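Colleague: Before I ask anything, let me first share the structure, which is written out below as structure tokens.
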Amino acid sequence: MKFRRVILGAVLLGLLTACAESVDTPPPPPQFPKWQPKQPRPADRDEEAVGAALAALDLCQLIDLTVYDRRKAGDTRPVERKTEVERGRKQCSLFRGGYDLISVGDLDPNHLVLHRVNGAVADLGGVKGYQTETRRQGGISGCAITVPVSFQRALKFEIGSASRGKDCELLRDFATAGAAKLPRDLVYPPDGQDSARVGACADWVSTEEGENCDPAAEVEVPTGAERIVAAGAADPNVECAVFREAVKMAFGPDFVPIATPGSCYFVEPKHRLQIEAGATANGGAPGEWLADPNKTFEDHKQLTFGESPGVTLSGNDDSEFLIYASPFGNLDARGHVRLLISTQRERGIDEWPRSRAIPATDVGRALAVMDFVMATHFRGPR
């Protein structure tokens, strides 16, 4: 009897332990293979050949003195072009009275992605450039134009300290004349492929060089919440498809979807606003953002989208507006549908101070998008 009681006790203990584990231990999160871009990347120019071509350039010859004579506005003081080395990279500056007027230099490759993202595309007499005008306290304080010569290398024309306060027209004249003196196989046409970013990925406000982005492919949205979020977790093209029609209706056709690992973005050429969208079984439950234990966000609200509960939040500097909705009708259920909009620096303008707040009209559009998405794809049995 004693032996039988020991066996029975062990069995009961095992059952109790199993029950406790089933109650206390949450199921493991679903695992999906990480999506990778599928489209082929464009090939860059030969790095050694480009480096040798840049090394052979006389940068001072790119500062055209006939342009200076045309734009000097009656100042008869002599000028000189002087070669310098800044942080190991050569440049040439045009000096007058000891102050630099214009410079051209070999741009640090680490900065080129940001120049492409922040600069407005400029046509320099058939040569591609990126132009950024600097504004401080309501006044113009500088201008820079970058001329790419490969995916990694570029030349940068910049207004010097003695030219502060002038607009970009002066620099455009110098950059256009300088670009005309570069070998034709070293520059790109205005619509040329000068980076690894394919299609609309060129408008993604990110420091990525392009290897993690594809223009979104058109795919079918599955039927049913479980299938949609599972497909979205495995393929951002599905997430783009969930939002494609609604974003186009609310924000207009300039916003084009791109697929990146884990997220869909809708991007536009002027970079004023960027939209991130998702419908995924990965990530947390919407209720986690509503609770926001670290107080990362502000203005937490619980709303209904279609027939589904959701939450809205704002970034601390009002530059972000976030919406999370539950595809399962339960804010505490893992998985979510999300829409995040954020203001960005307008392409071609570096302004300080600038308003970062998202316009109320864009907040209204975002709410309408989520209403449409939840009513269209997540209504009815889940």
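Ligands are numbered from 1 in the order shown, residues from 1 within each chain, and chains are lettered A, B, ... in the order they appear in the structure tokens.
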Using only C-alpha atoms, which residues sit within 12 Å of Phe174 (chain A) once same-chain residues fewer than 5 positions away are excluded, as a compact mmCIF listing (two decimals) with all heavy atoms, in the first residue's frame?
Modeller:
```
# COMPACT_ATOMS: atom_id res chain seq x y z
N CYS A 60 41.08 71.98 -58.25
CA CYS A 60 41.04 73.43 -58.45
C CYS A 60 40.52 73.80 -59.84
O CYS A 60 39.93 74.87 -60.03
CB CYS A 60 42.42 74.04 -58.22
SG CYS A 60 42.89 74.11 -56.46
N GLN A 61 40.74 72.90 -60.81
CA GLN A 61 40.23 73.18 -62.15
C GLN A 61 38.71 73.08 -62.21
O GLN A 61 38.08 73.55 -63.17
CB GLN A 61 40.86 72.21 -63.15
CG GLN A 61 42.35 72.44 -63.36
CD GLN A 61 42.67 73.86 -63.81
OE1 GLN A 61 42.07 74.37 -64.76
NE2 GLN A 61 43.61 74.50 -63.12
N LEU A 62 38.10 72.47 -61.19
CA LEU A 62 36.63 72.37 -61.14
C LEU A 62 35.99 73.66 -60.64
O LEU A 62 34.76 73.81 -60.71
CB LEU A 62 36.21 71.19 -60.25
CG LEU A 62 36.74 69.81 -60.66
CD1 LEU A 62 36.18 68.74 -59.73
CD2 LEU A 62 36.42 69.49 -62.11
N ILE A 63 36.79 74.57 -60.09
CA ILE A 63 36.27 75.89 -59.70
C ILE A 63 36.54 76.83 -60.87
O ILE A 63 37.66 77.30 -61.07
CB ILE A 63 36.94 76.39 -58.41
CG1 ILE A 63 36.67 75.41 -57.26
CG2 ILE A 63 36.43 77.78 -58.05
CD1 ILE A 63 37.33 75.81 -55.94
N ASP A 64 35.52 77.10 -61.64
CA ASP A 64 35.65 77.83 -62.90
C ASP A 64 35.72 79.33 -62.63
O ASP A 64 34.76 79.93 -62.12
CB ASP A 64 34.45 77.50 -63.79
CG ASP A 64 34.68 77.91 -65.23
OD1 ASP A 64 35.18 79.03 -65.44
OD2 ASP A 64 34.34 77.13 -66.13
N LEU A 65 36.85 79.97 -63.00
CA LEU A 65 37.02 81.39 -62.74
C LEU A 65 36.17 82.27 -63.66
O LEU A 65 35.91 83.43 -63.34
CB LEU A 65 38.50 81.77 -62.87
CG LEU A 65 39.41 81.16 -61.80
CD1 LEU A 65 40.84 81.67 -61.98
CD2 LEU A 65 38.91 81.47 -60.40
N THR A 66 35.73 81.72 -64.79
CA THR A 66 34.82 82.51 -65.62
C THR A 66 33.47 82.68 -64.93
O THR A 66 32.81 83.72 -65.07
CB THR A 66 34.62 81.85 -67.00
OG1 THR A 66 34.06 80.55 -66.83
CG2 THR A 66 35.94 81.73 -67.73
N VAL A 67 33.07 81.67 -64.18
CA VAL A 67 31.84 81.80 -63.37
C VAL A 67 32.05 82.86 -62.30
O VAL A 67 31.18 83.70 -62.05
CB VAL A 67 31.45 80.46 -62.74
CG1 VAL A 67 30.26 80.63 -61.79
CG2 VAL A 67 31.14 79.42 -63.81
N TYR A 68 33.23 82.84 -61.66
CA TYR A 68 33.51 83.86 -60.65
C TYR A 68 33.47 85.25 -61.25
O TYR A 68 32.86 86.17 -60.67
CB TYR A 68 34.87 83.61 -60.00
CG TYR A 68 35.28 84.76 -59.11
CD1 TYR A 68 34.71 84.92 -57.85
CD2 TYR A 68 36.21 85.71 -59.54
CE1 TYR A 68 35.05 85.99 -57.05
CE2 TYR A 68 36.56 86.78 -58.75
CZ TYR A 68 35.97 86.91 -57.49
OH TYR A 68 36.30 87.99 -56.70
N ASP A 69 34.09 85.46 -62.40
CA ASP A 69 34.09 86.78 -63.03
C ASP A 69 32.67 87.25 -63.32
O ASP A 69 32.36 88.45 -63.21
CB ASP A 69 34.91 86.75 -64.32
CG ASP A 69 36.40 86.62 -64.06
OD1 ASP A 69 36.83 87.00 -62.95
OD2 ASP A 69 37.13 86.15 -64.95
N ARG A 70 31.82 86.31 -63.66
CA ARG A 70 30.44 86.67 -63.98
C ARG A 70 29.63 87.00 -62.73
O ARG A 70 28.69 87.77 -62.78
CB ARG A 70 29.79 85.51 -64.75
CG ARG A 70 28.42 85.83 -65.32
CD ARG A 70 27.94 84.73 -66.25
NE ARG A 70 27.66 83.46 -65.58
CZ ARG A 70 28.35 82.35 -65.76
NH1 ARG A 70 29.39 82.33 -66.59
NH2 ARG A 70 28.03 81.25 -65.12
N ARG A 71 30.02 86.41 -61.58
CA ARG A 71 29.21 86.56 -60.37
C ARG A 71 29.88 87.38 -59.27
O ARG A 71 29.35 87.46 -58.16
CB ARG A 71 28.88 85.16 -59.80
CG ARG A 71 28.08 84.27 -60.73
CD ARG A 71 26.71 84.83 -61.03
NE ARG A 71 25.94 85.02 -59.82
CZ ARG A 71 25.06 84.12 -59.32
NH1 ARG A 71 24.86 82.99 -59.96
NH2 ARG A 71 24.40 84.37 -58.22
N SER A 93 39.81 75.26 -52.48
CA SER A 93 38.95 76.39 -52.13
C SER A 93 39.38 77.63 -52.89
O SER A 93 40.56 77.82 -53.18
CB SER A 93 39.01 76.67 -50.61
OG SER A 93 38.55 75.55 -49.88
N LEU A 94 38.39 78.46 -53.19
CA LEU A 94 38.64 79.74 -53.83
C LEU A 94 38.63 80.82 -52.75
O LEU A 94 37.63 80.99 -52.05
CB LEU A 94 37.55 80.03 -54.87
CG LEU A 94 37.67 81.36 -55.64
CD1 LEU A 94 38.90 81.34 -56.54
CD2 LEU A 94 36.39 81.62 -56.45
N LEU A 101 35.48 81.40 -50.59
CA LEU A 101 34.21 81.68 -51.25
C LEU A 101 33.48 80.40 -51.66
O LEU A 101 32.28 80.25 -51.44
CB LEU A 101 34.44 82.54 -52.50
CG LEU A 101 35.08 83.91 -52.30
CD1 LEU A 101 35.44 84.50 -53.65
CD2 LEU A 101 34.14 84.82 -51.55
N ILE A 102 34.24 79.51 -52.28
CA ILE A 102 33.69 78.26 -52.80
C ILE A 102 34.72 77.16 -52.56
O ILE A 102 35.93 77.40 -52.66
CB ILE A 102 33.41 78.35 -54.32
CG1 ILE A 102 32.37 79.42 -54.62
CG2 ILE A 102 32.97 77.00 -54.90
CD1 ILE A 102 30.97 79.09 -54.17
N SER A 103 34.25 75.96 -52.25
CA SER A 103 35.17 74.82 -52.13
C SER A 103 34.58 73.62 -52.85
O SER A 103 33.36 73.50 -53.01
CB SER A 103 35.44 74.48 -50.66
OG SER A 103 34.27 73.97 -50.04
N VAL A 104 35.48 72.73 -53.29
CA VAL A 104 35.07 71.44 -53.83
C VAL A 104 36.02 70.40 -53.25
O VAL A 104 37.23 70.62 -53.18
CB VAL A 104 35.11 71.44 -55.37
CG1 VAL A 104 36.49 71.81 -55.90
CG2 VAL A 104 34.67 70.08 -55.92
N LEU A 124 22.45 69.33 -63.08
CA LEU A 124 23.58 70.23 -63.29
C LEU A 124 24.04 70.14 -64.74
O LEU A 124 25.07 69.56 -65.05
CB LEU A 124 24.73 69.88 -62.33
CG LEU A 124 24.37 69.79 -60.85
CD1 LEU A 124 25.56 69.25 -60.05
CD2 LEU A 124 23.91 71.13 -60.32
N GLY A 125 23.22 70.66 -65.64
CA GLY A 125 23.58 70.60 -67.06
C GLY A 125 23.69 69.19 -67.59
O GLY A 125 24.60 68.89 -68.36
N CYS A 143 24.95 76.48 -48.49
CA CYS A 143 24.43 75.59 -49.51
C CYS A 143 25.51 74.58 -49.87
O CYS A 143 26.71 74.91 -49.86
CB CYS A 143 24.02 76.38 -50.75
SG CYS A 143 23.21 75.37 -52.02
N ALA A 144 25.11 73.35 -50.18
CA ALA A 144 26.04 72.31 -50.60
C ALA A 144 25.41 71.50 -51.72
O ALA A 144 24.20 71.26 -51.72
CB ALA A 144 26.42 71.40 -49.43
N ILE A 145 26.23 71.10 -52.68
CA ILE A 145 25.78 70.26 -53.79
C ILE A 145 26.75 69.09 -53.92
O ILE A 145 27.96 69.29 -54.04
CB ILE A 145 25.71 71.04 -55.11
CG1 ILE A 145 24.63 72.13 -55.01
CG2 ILE A 145 25.41 70.12 -56.28
CD1 ILE A 145 24.53 73.01 -56.24
N LYS A 156 31.90 67.14 -53.44
CA LYS A 156 30.99 68.06 -52.77
C LYS A 156 31.41 69.51 -53.04
O LYS A 156 32.52 69.91 -52.70
CB LYS A 156 30.97 67.80 -51.27
CG LYS A 156 30.04 68.71 -50.48
CD LYS A 156 30.15 68.41 -48.99
CE LYS A 156 29.28 69.33 -48.16
NZ LYS A 156 29.46 69.08 -46.71
N PHE A 157 30.52 70.28 -53.66
CA PHE A 157 30.70 71.71 -53.83
C PHE A 157 29.97 72.41 -52.69
O PHE A 157 28.84 72.06 -52.35
CB PHE A 157 30.10 72.17 -55.17
CG PHE A 157 30.83 71.67 -56.38
CD1 PHE A 157 30.60 70.39 -56.88
CD2 PHE A 157 31.75 72.48 -57.04
CE1 PHE A 157 31.26 69.93 -58.00
CE2 PHE A 157 32.42 72.02 -58.17
CZ PHE A 157 32.18 70.75 -58.64
N GLU A 158 30.63 73.44 -52.10
CA GLU A 158 30.02 74.09 -50.94
C GLU A 158 30.35 75.57 -50.91
O GLU A 158 31.45 75.98 -51.28
CB GLU A 158 30.50 73.43 -49.65
CG GLU A 158 29.77 73.87 -48.41
CD GLU A 158 30.07 72.98 -47.22
OE1 GLU A 158 31.08 72.24 -47.25
OE2 GLU A 158 29.30 73.02 -46.25
N ILE A 159 29.37 76.37 -50.49
CA ILE A 159 29.59 77.80 -50.31
C ILE A 159 30.48 78.01 -49.10
O ILE A 159 30.28 77.40 -48.05
CB ILE A 159 28.26 78.55 -50.13
CG1 ILE A 159 27.50 78.59 -51.46
CG2 ILE A 159 28.47 79.95 -49.61
CD1 ILE A 159 26.17 79.30 -51.39
N CYS A 168 21.37 79.34 -53.22
CA CYS A 168 22.07 78.26 -53.92
C CYS A 168 22.32 78.55 -55.39
O CYS A 168 23.04 77.78 -56.03
CB CYS A 168 21.26 76.97 -53.80
SG CYS A 168 21.42 76.15 -52.20
N GLU A 169 21.79 79.62 -55.92
CA GLU A 169 22.00 79.89 -57.35
C GLU A 169 23.48 80.08 -57.67
O GLU A 169 23.97 79.62 -58.70
CB GLU A 169 21.21 81.12 -57.77
CG GLU A 169 19.71 80.89 -57.83
CD GLU A 169 18.98 82.10 -58.37
OE1 GLU A 169 19.64 83.00 -58.91
OE2 GLU A 169 17.75 82.15 -58.23
N ALA A 179 30.98 70.28 -62.91
CA ALA A 179 30.52 68.96 -63.35
C ALA A 179 30.77 68.75 -64.83
O ALA A 179 31.05 67.64 -65.29
CB ALA A 179 29.05 68.78 -63.03
N ALA A 180 30.70 69.84 -65.62
CA ALA A 180 30.93 69.73 -67.06
C ALA A 180 32.37 69.35 -67.37
O ALA A 180 32.66 68.84 -68.46
CB ALA A 180 30.57 71.05 -67.74
N LYS A 181 33.29 69.59 -66.43
CA LYS A 181 34.70 69.27 -66.65
C LYS A 181 35.06 67.86 -66.21
O LYS A 181 36.18 67.40 -66.44
CB LYS A 181 35.58 70.27 -65.90
CG LYS A 181 35.43 71.71 -66.40
CD LYS A 181 36.33 72.65 -65.64
CE LYS A 181 36.20 74.09 -66.15
NZ LYS A 181 37.11 75.02 -65.46
```
Colleague: Neighbouring residues of Leu331 (chain A) were defined as those with any atom within 10 Å, considering only C-alpha atoms; residues of the same chain fewer than 2 positions away were excluded. Please report them as a list in words.
Modeller: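 Here the answer would be Gly284, Ala285, Pro286, Gly287, Glu288, Trp289, Leu290, Gln302, Ser308, Pro309, Gly310, Val311, Tyr324, Ala325, Ser326, Pro327, Phe328, Gly329, Ala333, Arg334, Gly335 and His336 of chain A.
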Colleague: For region 196-210 of chain A, find every residue with an atom within 6 Å (counting only C-alpha atoms), except residues of its own chain fewer than 4 positions away, and show them as a PyMOL selection string.
Modeller: chain A and resi 42+215+267+269
Colleague: Please extract the residues of region 136-340 of chain A with a backbone DSSP assignment of helix (DSSP H, G or I) and present them as a PyMOL selection string.
Modeller: chain A and resi 161-163+168-180+184-186+199-203+225-234+236-251+286-291
Colleague: Quick one: residues within 6 Å of Arg347 (chain A), only C-alpha atoms, excluding same-chain residues fewer than 6 positions away - as a ChimeraX atom specification?
Modeller: /A:118-120,270-271
Colleague: Just how far from CA of Phe251 (chain A) is CA of Arg365 (chain A), in Å to one decimal?
Modeller: 6.9 Å
